[in-house]
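In what follows, a structure is listed as structure tokens, so that the remarks can point back to it.
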Amino acid sequence: MRQSSLVVVANRLPIDDSVAPDGACEWRRSPGGLVSALLPLLRHTPATWVGWAGGTGPAPALPDVDGVRMHTVPLTADDLRDHYEGFANATLWPLYHDSVEQPEYHRSWWEAYQRVNQRFAEATADVAEPGAVVWVQDYHLQLVPGLLRELRPDLRIGFFLHVPFPPPELFMQLPRRAELLRGMLGADLIGFQRSQAAHNFAQLVAKVLDVPATDRRIAVDDRVVRIGAFPVSIDTAEMAALAARPDVADRAARLRHDLGSPEQVILSVDRMDYTKGIEQRLKAYSELIAHGHVKVRDTVLVQVAVPSRERVGQYQILRERVEREVGRINGEFGRVGEPAIHYLTQPFDRAELAALYRVADVMAVTPLRDGMNLVAKEYVAARVDDTGALLLSEFAGAAAELPQAYLVNPHDLEGLKQGLLAALRAGPDDLGARMRAMRAHLHRHDIRAWARSYLSALDDSGSLLTRLGAAG
Ligand code: ADP
Ligand code: F6P
């Protein structure tokens, strides 16, 4: 077995199996913020990525992706149902997102979560060279740090949570709360998106495990576990360069023409997820049309909503409701050749996404709760001429870094409508000043700055940073 000095462990590999139009099996980039963040960072480094390839049955042998070795962990149909769709996405996901949908608790899901975490830990132990740095990602794998430490005490182990970490009053509902906290404490460094999350974690460790904890350090089993906030970011320069390409500018102009050359385009790009606030946004938009504040001929909404976790009941219900509402709004307010909403569920390549960002006068990112939201950052990075308005939920992690956005509370329908109107009506000087400040922030705080701050805290020798080319 070939071993690496850097191993990234994430539920999903950065590529997914999918079926090409001719029926052949092909590989394509997996959607989601985790892949968008980590893939540009690891490109051409001698790292191994341990993860799941998206199907069930025996693990397929995958090609390297941009020089990064893929090591597949197989899931059975039962694992998929009980670990991924069950404990990860019907227990932890809603619980960690303010319980905007009711979390479900089943003992068999917990057993699957333990079993799959054990399999990930064993696969990682096989591919990590002696003394390697292992970076475990996200809520699907919270037991891996502890399990891996038992198997391989020689490793330097980091854990990063991409989603929010809830306040004690919510987390305390979880039947196996102590085991989950102990699993995370197997790491040397636990990173969160926001300092409030680190604070929540410290409070819970003290309360549930009776271990003294501050928001920075926890002493456990003769070791010190450090915790802190490391807000994840994007490859800002790469998105800016893509958006500035002449073919992308041409594609943006073509898109505007195909949309009927409206005065203003509003864009939203989400995974189809109940945390993203899609229904609330549609309602706000439809009321603005109904009350004459927005005219369909002058303004269009493009809603991209790529289907996600499609076998989980709450996601199926959401998709039905969103599609019914889009149909209702188009039926009521659209005209032949002039829909009020252009609704797209396809995955797009990066150049097409950049063209969409370029064509959007207002980008509406209004999740009910979101760990970070990289779409908001991608939009800002793509606005290379300092135009455009970002409408952003206060409950997205990105809001802490982008206060120049039009910040809204997506639960407050009137506030949401006012925010959208303010963004649509803002003048170019105001927009330019806001966008310049946000772009400057994202060029300073890009994905390499994130890796630098996290990995220098994890690996004090600095050798890992040099290998990643992130030291500069
Ligand atoms: P999450 O991690 O919850 O999905 P983020 O906003 O942080 O949310 O990240 C979503 C990522 O997925 C972004 O990098 C975005 O560009 C990408 N993405 C979203 N929708 C699509 C789509 N239709 N096609 C391709 N990529 C998409
Ligand atoms: O950011 C949360 C997250 O679960 C990531 O781990 C992943 O990139 C994204 O959402 C997509 O989710 P899934 O892997 O379930 O399709």
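Going by the structure tokens order, chains are called A, B, ..., each with residues numbered from 1, while ligands are numbered from 1 in the order shown.
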- Name the residues in contact with Asp64 (chain A) at a cut-off of 12 Å, using only C-alpha atoms, excluding same-chain residues fewer than 3 positions from it; report them as a PyMOL selection string. chain A and resi 13-15+27+39+42-50+61+67-72
- Query: Mind listing the residues within 10 Å of ligand 1, only C-alpha atoms and all ligand atoms counted, as a ChimeraX atom specification?
  - Reply: /A:29-37,162-163,232-234,268-273,275-276,303-308,344-354,357,365,367,369-379,396-398
- Query: Any idea what the distance is between CA of His83 (chain A) and CA of Arg28 (chain A)?
  - Reply: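 Distance between the two atoms: 23.3 Å.
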Please report, as a tab-separated table (two decimals) with N, CA and C atoms, in the first residue's frame, each residue of region 26-186 of chain A to which DSSP assigns strand (DSSP E) when run on this structure's backbone.
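And here is the file that came out, result_19.tsv:
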```
chain	number	residue	atom	x	y	z
A	26	GLU	N	-18.85	7.85	-16.12
A	26	GLU	CA	-17.82	8.88	-16.17
A	26	GLU	C	-17.67	9.48	-14.77
A	27	TRP	N	-16.57	10.21	-14.57
A	27	TRP	CA	-16.33	10.83	-13.26
A	27	TRP	C	-16.50	12.32	-13.39
A	28	ARG	N	-17.17	12.92	-12.44
A	28	ARG	CA	-17.26	14.37	-12.48
A	28	ARG	C	-17.10	14.93	-11.07
A	29	ARG	N	-16.75	16.23	-11.03
A	29	ARG	CA	-16.48	16.87	-9.74
A	29	ARG	C	-17.73	16.85	-8.87
A	47	ALA	N	-0.48	14.19	-1.87
A	47	ALA	CA	-1.41	13.86	-0.78
A	47	ALA	C	-2.31	12.71	-1.20
A	48	THR	N	-2.93	12.07	-0.21
A	48	THR	CA	-3.97	11.08	-0.49
A	48	THR	C	-5.27	11.60	0.08
A	49	TRP	N	-6.36	11.43	-0.67
A	49	TRP	CA	-7.70	11.82	-0.21
A	49	TRP	C	-8.46	10.53	0.03
A	50	VAL	N	-8.86	10.30	1.27
A	50	VAL	CA	-9.63	9.10	1.63
A	50	VAL	C	-11.11	9.50	1.66
A	51	GLY	N	-11.95	8.78	0.90
A	51	GLY	CA	-13.37	9.16	0.89
A	51	GLY	C	-14.21	8.15	0.14
A	52	TRP	N	-15.45	8.50	0.02
A	52	TRP	CA	-16.46	7.64	-0.61
A	52	TRP	C	-16.73	8.14	-2.02
A	69	ARG	N	-3.87	11.54	-4.89
A	69	ARG	CA	-4.26	10.13	-4.94
A	69	ARG	C	-5.63	9.92	-4.29
A	70	MET	N	-6.48	9.16	-4.95
A	70	MET	CA	-7.82	8.87	-4.42
A	70	MET	C	-7.82	7.51	-3.75
A	71	HIS	N	-8.26	7.43	-2.52
A	71	HIS	CA	-8.35	6.13	-1.82
A	71	HIS	C	-9.81	5.96	-1.40
A	72	THR	N	-10.48	5.01	-2.05
A	72	THR	CA	-11.94	4.90	-1.88
A	72	THR	C	-12.31	4.02	-0.70
A	128	ALA	N	-1.46	6.32	5.70
A	128	ALA	CA	-0.67	7.40	6.32
A	128	ALA	C	0.74	6.89	6.63
A	129	GLU	N	1.75	7.61	6.13
A	129	GLU	CA	3.11	7.15	6.45
A	129	GLU	C	3.45	7.52	7.90
A	130	PRO	N	4.49	6.92	8.49
A	130	PRO	CA	4.80	7.21	9.90
A	130	PRO	C	4.93	8.71	10.14
A	131	GLY	N	4.26	9.20	11.17
A	131	GLY	CA	4.34	10.62	11.53
A	131	GLY	C	3.57	11.54	10.61
A	132	ALA	N	2.74	11.00	9.73
A	132	ALA	CA	2.01	11.83	8.75
A	132	ALA	C	1.04	12.78	9.43
A	133	VAL	N	0.66	13.81	8.65
A	133	VAL	CA	-0.41	14.71	9.09
A	133	VAL	C	-1.71	14.22	8.45
A	134	VAL	N	-2.74	14.05	9.27
A	134	VAL	CA	-4.04	13.61	8.77
A	134	VAL	C	-5.06	14.69	9.09
A	135	TRP	N	-5.82	15.06	8.07
A	135	TRP	CA	-6.77	16.16	8.24
A	135	TRP	C	-8.18	15.62	7.98
A	136	VAL	N	-8.93	15.43	9.05
A	136	VAL	CA	-10.26	14.83	8.96
A	136	VAL	C	-11.30	15.97	8.82
A	137	GLN	N	-12.26	15.76	7.92
A	137	GLN	CA	-13.21	16.82	7.59
A	137	GLN	C	-14.64	16.44	7.96
A	156	ARG	N	-0.18	13.06	13.44
A	156	ARG	CA	-0.63	14.39	13.85
A	156	ARG	C	-2.03	14.54	13.24
A	157	ILE	N	-3.04	14.73	14.08
A	157	ILE	CA	-4.42	14.64	13.58
A	157	ILE	C	-5.14	15.98	13.73
A	158	GLY	N	-5.67	16.46	12.62
A	158	GLY	CA	-6.50	17.67	12.66
A	158	GLY	C	-7.93	17.31	12.32
A	159	PHE	N	-8.87	18.09	12.85
A	159	PHE	CA	-10.28	17.91	12.49
A	159	PHE	C	-10.85	19.28	12.17
A	160	PHE	N	-11.60	19.37	11.08
A	160	PHE	CA	-12.25	20.65	10.75
A	160	PHE	C	-13.72	20.41	10.47
```
- DSSP-assigned helix (DSSP H, G or I) among region 338-428 of chain A, expressed as an NGL selection string: :A and (350-359 or 374-382 or 397-400 or 413-425 or 428)
- Near-Glu332 (chain A) list (12 Å; only C-alpha atoms; drop same-chain fewer than 3 positions) as a PyMOL selection string: chain A and resi 286-287+289-290+296+325-329+335-336+338-341
Grab the residues selected above and save them as a PDB file, in the first residue's frame with N, CA, C and O atoms.
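Contents of out21.pdb, as written:
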```pdb
ATOM      1  N   SER A 286     -41.997  36.642  -4.854  1.00  0.00           N
ATOM      2  CA  SER A 286     -43.347  36.623  -5.418  1.00  0.00           C
ATOM      3  C   SER A 286     -44.192  37.761  -4.827  1.00  0.00           C
ATOM      4  O   SER A 286     -44.980  38.389  -5.525  1.00  0.00           O
ATOM      5  N   GLU A 287     -43.992  38.077  -3.556  1.00  0.00           N
ATOM      6  CA  GLU A 287     -44.757  39.199  -2.970  1.00  0.00           C
ATOM      7  C   GLU A 287     -44.316  40.527  -3.582  1.00  0.00           C
ATOM      8  O   GLU A 287     -45.140  41.425  -3.786  1.00  0.00           O
ATOM      9  N   ILE A 289     -43.336  40.978  -6.603  1.00  0.00           N
ATOM     10  CA  ILE A 289     -43.993  41.075  -7.924  1.00  0.00           C
ATOM     11  C   ILE A 289     -45.479  41.407  -7.720  1.00  0.00           C
ATOM     12  O   ILE A 289     -46.023  42.316  -8.351  1.00  0.00           O
ATOM     13  N   ALA A 290     -46.111  40.645  -6.803  1.00  0.00           N
ATOM     14  CA  ALA A 290     -47.561  40.807  -6.609  1.00  0.00           C
ATOM     15  C   ALA A 290     -47.915  42.236  -6.223  1.00  0.00           C
ATOM     16  O   ALA A 290     -48.947  42.759  -6.628  1.00  0.00           O
ATOM     17  N   VAL A 296     -41.831  41.840 -13.923  1.00  0.00           N
ATOM     18  CA  VAL A 296     -41.201  40.647 -14.498  1.00  0.00           C
ATOM     19  C   VAL A 296     -40.431  40.976 -15.779  1.00  0.00           C
ATOM     20  O   VAL A 296     -39.358  40.430 -16.016  1.00  0.00           O
ATOM     21  N   GLU A 325     -43.935  25.801  -6.055  1.00  0.00           N
ATOM     22  CA  GLU A 325     -43.952  27.263  -5.887  1.00  0.00           C
ATOM     23  C   GLU A 325     -43.397  27.975  -7.132  1.00  0.00           C
ATOM     24  O   GLU A 325     -43.952  28.992  -7.562  1.00  0.00           O
ATOM     25  N   VAL A 326     -42.322  27.427  -7.717  1.00  0.00           N
ATOM     26  CA  VAL A 326     -41.789  28.020  -8.952  1.00  0.00           C
ATOM     27  C   VAL A 326     -42.861  27.958 -10.037  1.00  0.00           C
ATOM     28  O   VAL A 326     -43.110  28.944 -10.745  1.00  0.00           O
ATOM     29  N   GLY A 327     -43.548  26.821 -10.141  1.00  0.00           N
ATOM     30  CA  GLY A 327     -44.621  26.675 -11.136  1.00  0.00           C
ATOM     31  C   GLY A 327     -45.737  27.676 -10.886  1.00  0.00           C
ATOM     32  O   GLY A 327     -46.237  28.324 -11.808  1.00  0.00           O
ATOM     33  N   ARG A 328     -46.101  27.833  -9.602  1.00  0.00           N
ATOM     34  CA  ARG A 328     -47.183  28.777  -9.275  1.00  0.00           C
ATOM     35  C   ARG A 328     -46.790  30.209  -9.655  1.00  0.00           C
ATOM     36  O   ARG A 328     -47.551  30.928 -10.300  1.00  0.00           O
ATOM     37  N   ILE A 329     -45.560  30.594  -9.281  1.00  0.00           N
ATOM     38  CA  ILE A 329     -45.131  31.983  -9.545  1.00  0.00           C
ATOM     39  C   ILE A 329     -45.047  32.222 -11.056  1.00  0.00           C
ATOM     40  O   ILE A 329     -45.513  33.248 -11.559  1.00  0.00           O
ATOM     41  N   ARG A 335     -45.112  35.384 -18.564  1.00  0.00           N
ATOM     42  CA  ARG A 335     -45.828  35.429 -19.851  1.00  0.00           C
ATOM     43  C   ARG A 335     -45.089  34.508 -20.809  1.00  0.00           C
ATOM     44  O   ARG A 335     -43.971  34.075 -20.516  1.00  0.00           O
ATOM     45  N   VAL A 336     -45.676  34.243 -21.961  1.00  0.00           N
ATOM     46  CA  VAL A 336     -45.014  33.351 -22.922  1.00  0.00           C
ATOM     47  C   VAL A 336     -43.637  33.932 -23.246  1.00  0.00           C
ATOM     48  O   VAL A 336     -43.521  35.112 -23.589  1.00  0.00           O
ATOM     49  N   GLU A 338     -41.435  34.745 -21.180  1.00  0.00           N
ATOM     50  CA  GLU A 338     -40.997  35.664 -20.118  1.00  0.00           C
ATOM     51  C   GLU A 338     -41.322  35.109 -18.735  1.00  0.00           C
ATOM     52  O   GLU A 338     -42.199  35.618 -18.037  1.00  0.00           O
ATOM     53  N   PRO A 339     -40.659  34.029 -18.324  1.00  0.00           N
ATOM     54  CA  PRO A 339     -40.953  33.506 -16.990  1.00  0.00           C
ATOM     55  C   PRO A 339     -40.430  34.460 -15.906  1.00  0.00           C
ATOM     56  O   PRO A 339     -39.475  35.203 -16.139  1.00  0.00           O
ATOM     57  N   ALA A 340     -41.059  34.424 -14.752  1.00  0.00           N
ATOM     58  CA  ALA A 340     -40.568  35.246 -13.638  1.00  0.00           C
ATOM     59  C   ALA A 340     -39.312  34.622 -13.035  1.00  0.00           C
ATOM     60  O   ALA A 340     -38.439  35.317 -12.537  1.00  0.00           O
ATOM     61  N   ILE A 341     -39.263  33.304 -13.081  1.00  0.00           N
ATOM     62  CA  ILE A 341     -38.121  32.582 -12.491  1.00  0.00           C
ATOM     63  C   ILE A 341     -37.577  31.601 -13.521  1.00  0.00           C
ATOM     64  O   ILE A 341     -38.327  30.822 -14.111  1.00  0.00           O
TER      65      ILE A 341
END
```
- Extract, using only C-alpha atoms, all DNA, RNA and protein residues at most 12 Å from Gln196 (chain A), discarding same-chain residues fewer than 6 positions from it, and format them as number ranges by chain. A: 164-168, 202-203, 215-216, 227-231, 371, 397, 400
- Task: Considering only C-alpha atoms, return as JSON, numbers by chain whatever protein or nucleic-acid residues lie within 8 Å of region 148-151 of chain A, sequence-local ones (same chain, fewer than 4 positions apart) excluded.
- Result: {"A": [121, 122, 124, 125, 144, 155, 157, 186, 187]}
Writing out the chosen residues with N, CA, C and O atoms as an mmCIF file, in the first residue's frame:
```cif
data_model
loop_
_atom_site.group_PDB
_atom_site.id
_atom_site.type_symbol
_atom_site.label_atom_id
_atom_site.label_comp_id
_atom_site.auth_asym_id
_atom_site.auth_seq_id
_atom_site.Cartn_x
_atom_site.Cartn_y
_atom_site.Cartn_z
ATOM 1 N N ALA A 121 -11.368 5.148 9.592
ATOM 2 C CA ALA A 121 -10.147 5.243 10.416
ATOM 3 C C ALA A 121 -9.147 4.169 9.975
ATOM 4 O O ALA A 121 -7.944 4.443 9.841
ATOM 5 N N GLU A 122 -9.641 2.959 9.703
ATOM 6 C CA GLU A 122 -8.724 1.880 9.289
ATOM 7 C C GLU A 122 -8.116 2.174 7.922
ATOM 8 O O GLU A 122 -6.916 1.970 7.695
ATOM 9 N N THR A 124 -7.568 5.051 6.647
ATOM 10 C CA THR A 124 -6.606 6.147 6.819
ATOM 11 C C THR A 124 -5.306 5.626 7.435
ATOM 12 O O THR A 124 -4.207 6.000 7.002
ATOM 13 N N ALA A 125 -5.450 4.759 8.424
ATOM 14 C CA ALA A 125 -4.255 4.194 9.071
ATOM 15 C C ALA A 125 -3.391 3.455 8.042
ATOM 16 O O ALA A 125 -2.170 3.465 8.125
ATOM 17 N N VAL A 144 -13.726 9.693 13.844
ATOM 18 C CA VAL A 144 -12.462 9.245 13.240
ATOM 19 C C VAL A 144 -11.229 9.716 14.020
ATOM 20 O O VAL A 144 -10.314 8.915 14.241
ATOM 21 N N LEU A 155 0.491 9.683 14.573
ATOM 22 C CA LEU A 155 0.028 10.668 13.592
ATOM 23 C C LEU A 155 -0.281 12.011 14.242
ATOM 24 O O LEU A 155 -0.621 12.082 15.422
ATOM 25 N N ILE A 157 -3.044 14.726 14.085
ATOM 26 C CA ILE A 157 -4.421 14.639 13.579
ATOM 27 C C ILE A 157 -5.142 15.976 13.731
ATOM 28 O O ILE A 157 -5.216 16.531 14.826
ATOM 29 N N GLY A 186 -10.031 13.285 19.929
ATOM 30 C CA GLY A 186 -8.869 12.510 19.470
ATOM 31 C C GLY A 186 -7.929 13.358 18.624
ATOM 32 O O GLY A 186 -6.776 12.989 18.401
ATOM 33 N N ALA A 187 -8.407 14.507 18.142
ATOM 34 C CA ALA A 187 -7.572 15.368 17.290
ATOM 35 C C ALA A 187 -6.612 16.207 18.131
ATOM 36 O O ALA A 187 -6.842 16.440 19.317
#
```
- Suppose you want the space between CA of Gly432 (chain A) and CA of Tyr406 (chain A); what is it in Å? 13.1 Å
- Item | Residues within 12 Å of Asp247 (chain A), only C-alpha atoms, excluding chain neighbours under 5 positions, as a list in words |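 Near neighbours after the sequence-gap exclusion: Ala241, Leu242, Ala252, Ala253, Arg254, Ala351, Glu352, Ala354, Ala355 and Arg358 of chain A.
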- Item | Contacts of region 89-91 of chain A at 9 Å (only C-alpha atoms; same-chain gap of 5+ positions) as a PyMOL selection string | chain A and resi 83-84+96+101-106+109+140+174+309+312-314
Would you save the residues of that selection, restricted to N, CA, C and O atoms, as a PDB file, in the first residue's frame?
```
ATOM      1  N   HIS A  83     -25.932   5.472   7.687  1.00  0.00           N
ATOM      2  CA  HIS A  83     -24.845   6.394   8.051  1.00  0.00           C
ATOM      3  C   HIS A  83     -25.010   7.734   7.329  1.00  0.00           C
ATOM      4  O   HIS A  83     -25.178   8.774   7.964  1.00  0.00           O
ATOM      5  N   TYR A  84     -24.972   7.698   5.977  1.00  0.00           N
ATOM      6  CA  TYR A  84     -24.956   8.961   5.212  1.00  0.00           C
ATOM      7  C   TYR A  84     -26.322   9.654   5.240  1.00  0.00           C
ATOM      8  O   TYR A  84     -26.442  10.818   5.623  1.00  0.00           O
ATOM      9  N   TYR A  96     -27.438  20.428  13.716  1.00  0.00           N
ATOM     10  CA  TYR A  96     -26.377  21.433  13.675  1.00  0.00           C
ATOM     11  C   TYR A  96     -26.825  22.720  12.977  1.00  0.00           C
ATOM     12  O   TYR A  96     -26.132  23.729  13.031  1.00  0.00           O
ATOM     13  N   GLU A 101     -35.222  21.766  10.527  1.00  0.00           N
ATOM     14  CA  GLU A 101     -36.091  20.591  10.369  1.00  0.00           C
ATOM     15  C   GLU A 101     -35.825  19.710  11.582  1.00  0.00           C
ATOM     16  O   GLU A 101     -34.748  19.763  12.179  1.00  0.00           O
ATOM     17  N   GLN A 102     -36.787  18.865  11.920  1.00  0.00           N
ATOM     18  CA  GLN A 102     -36.674  18.055  13.133  1.00  0.00           C
ATOM     19  C   GLN A 102     -35.613  16.939  12.959  1.00  0.00           C
ATOM     20  O   GLN A 102     -35.730  16.121  12.048  1.00  0.00           O
ATOM     21  N   PRO A 103     -34.575  16.896  13.808  1.00  0.00           N
ATOM     22  CA  PRO A 103     -33.622  15.776  13.716  1.00  0.00           C
ATOM     23  C   PRO A 103     -34.294  14.473  14.142  1.00  0.00           C
ATOM     24  O   PRO A 103     -35.149  14.469  15.030  1.00  0.00           O
ATOM     25  N   GLU A 104     -33.888  13.378  13.502  1.00  0.00           N
ATOM     26  CA  GLU A 104     -34.437  12.054  13.875  1.00  0.00           C
ATOM     27  C   GLU A 104     -33.363  11.259  14.595  1.00  0.00           C
ATOM     28  O   GLU A 104     -32.197  11.295  14.199  1.00  0.00           O
ATOM     29  N   TYR A 105     -33.777  10.522  15.598  1.00  0.00           N
ATOM     30  CA  TYR A 105     -32.825   9.719  16.383  1.00  0.00           C
ATOM     31  C   TYR A 105     -33.199   8.248  16.282  1.00  0.00           C
ATOM     32  O   TYR A 105     -34.311   7.872  16.664  1.00  0.00           O
ATOM     33  N   HIS A 106     -32.266   7.429  15.749  1.00  0.00           N
ATOM     34  CA  HIS A 106     -32.503   5.978  15.662  1.00  0.00           C
ATOM     35  C   HIS A 106     -31.228   5.259  16.084  1.00  0.00           C
ATOM     36  O   HIS A 106     -30.142   5.602  15.597  1.00  0.00           O
ATOM     37  N   TRP A 109     -29.046   3.854  13.301  1.00  0.00           N
ATOM     38  CA  TRP A 109     -28.244   4.853  12.563  1.00  0.00           C
ATOM     39  C   TRP A 109     -26.924   5.106  13.299  1.00  0.00           C
ATOM     40  O   TRP A 109     -25.882   5.273  12.683  1.00  0.00           O
ATOM     41  N   HIS A 140     -19.636  14.058   9.173  1.00  0.00           N
ATOM     42  CA  HIS A 140     -19.837  12.624   8.906  1.00  0.00           C
ATOM     43  C   HIS A 140     -18.824  11.775   9.665  1.00  0.00           C
ATOM     44  O   HIS A 140     -19.032  10.580   9.845  1.00  0.00           O
ATOM     45  N   LEU A 174     -28.849  15.146  21.690  1.00  0.00           N
ATOM     46  CA  LEU A 174     -28.273  14.002  20.974  1.00  0.00           C
ATOM     47  C   LEU A 174     -28.046  12.823  21.915  1.00  0.00           C
ATOM     48  O   LEU A 174     -27.309  12.945  22.893  1.00  0.00           O
ATOM     49  N   ARG A 309     -28.876  14.841  -1.699  1.00  0.00           N
ATOM     50  CA  ARG A 309     -29.395  13.880  -0.701  1.00  0.00           C
ATOM     51  C   ARG A 309     -30.831  13.462  -1.044  1.00  0.00           C
ATOM     52  O   ARG A 309     -31.746  13.535  -0.210  1.00  0.00           O
ATOM     53  N   VAL A 312     -33.409  11.306   1.013  1.00  0.00           N
ATOM     54  CA  VAL A 312     -33.809  11.689   2.374  1.00  0.00           C
ATOM     55  C   VAL A 312     -35.168  12.401   2.290  1.00  0.00           C
ATOM     56  O   VAL A 312     -35.340  13.330   1.492  1.00  0.00           O
ATOM     57  N   GLY A 313     -36.121  11.939   3.104  1.00  0.00           N
ATOM     58  CA  GLY A 313     -37.502  12.416   3.008  1.00  0.00           C
ATOM     59  C   GLY A 313     -37.625  13.928   3.013  1.00  0.00           C
ATOM     60  O   GLY A 313     -38.338  14.514   2.187  1.00  0.00           O
ATOM     61  N   GLN A 314     -36.915  14.597   3.949  1.00  0.00           N
ATOM     62  CA  GLN A 314     -37.072  16.050   4.071  1.00  0.00           C
ATOM     63  C   GLN A 314     -36.610  16.770   2.794  1.00  0.00           C
ATOM     64  O   GLN A 314     -37.129  17.833   2.452  1.00  0.00           O
TER      65      GLN A 314
END
```
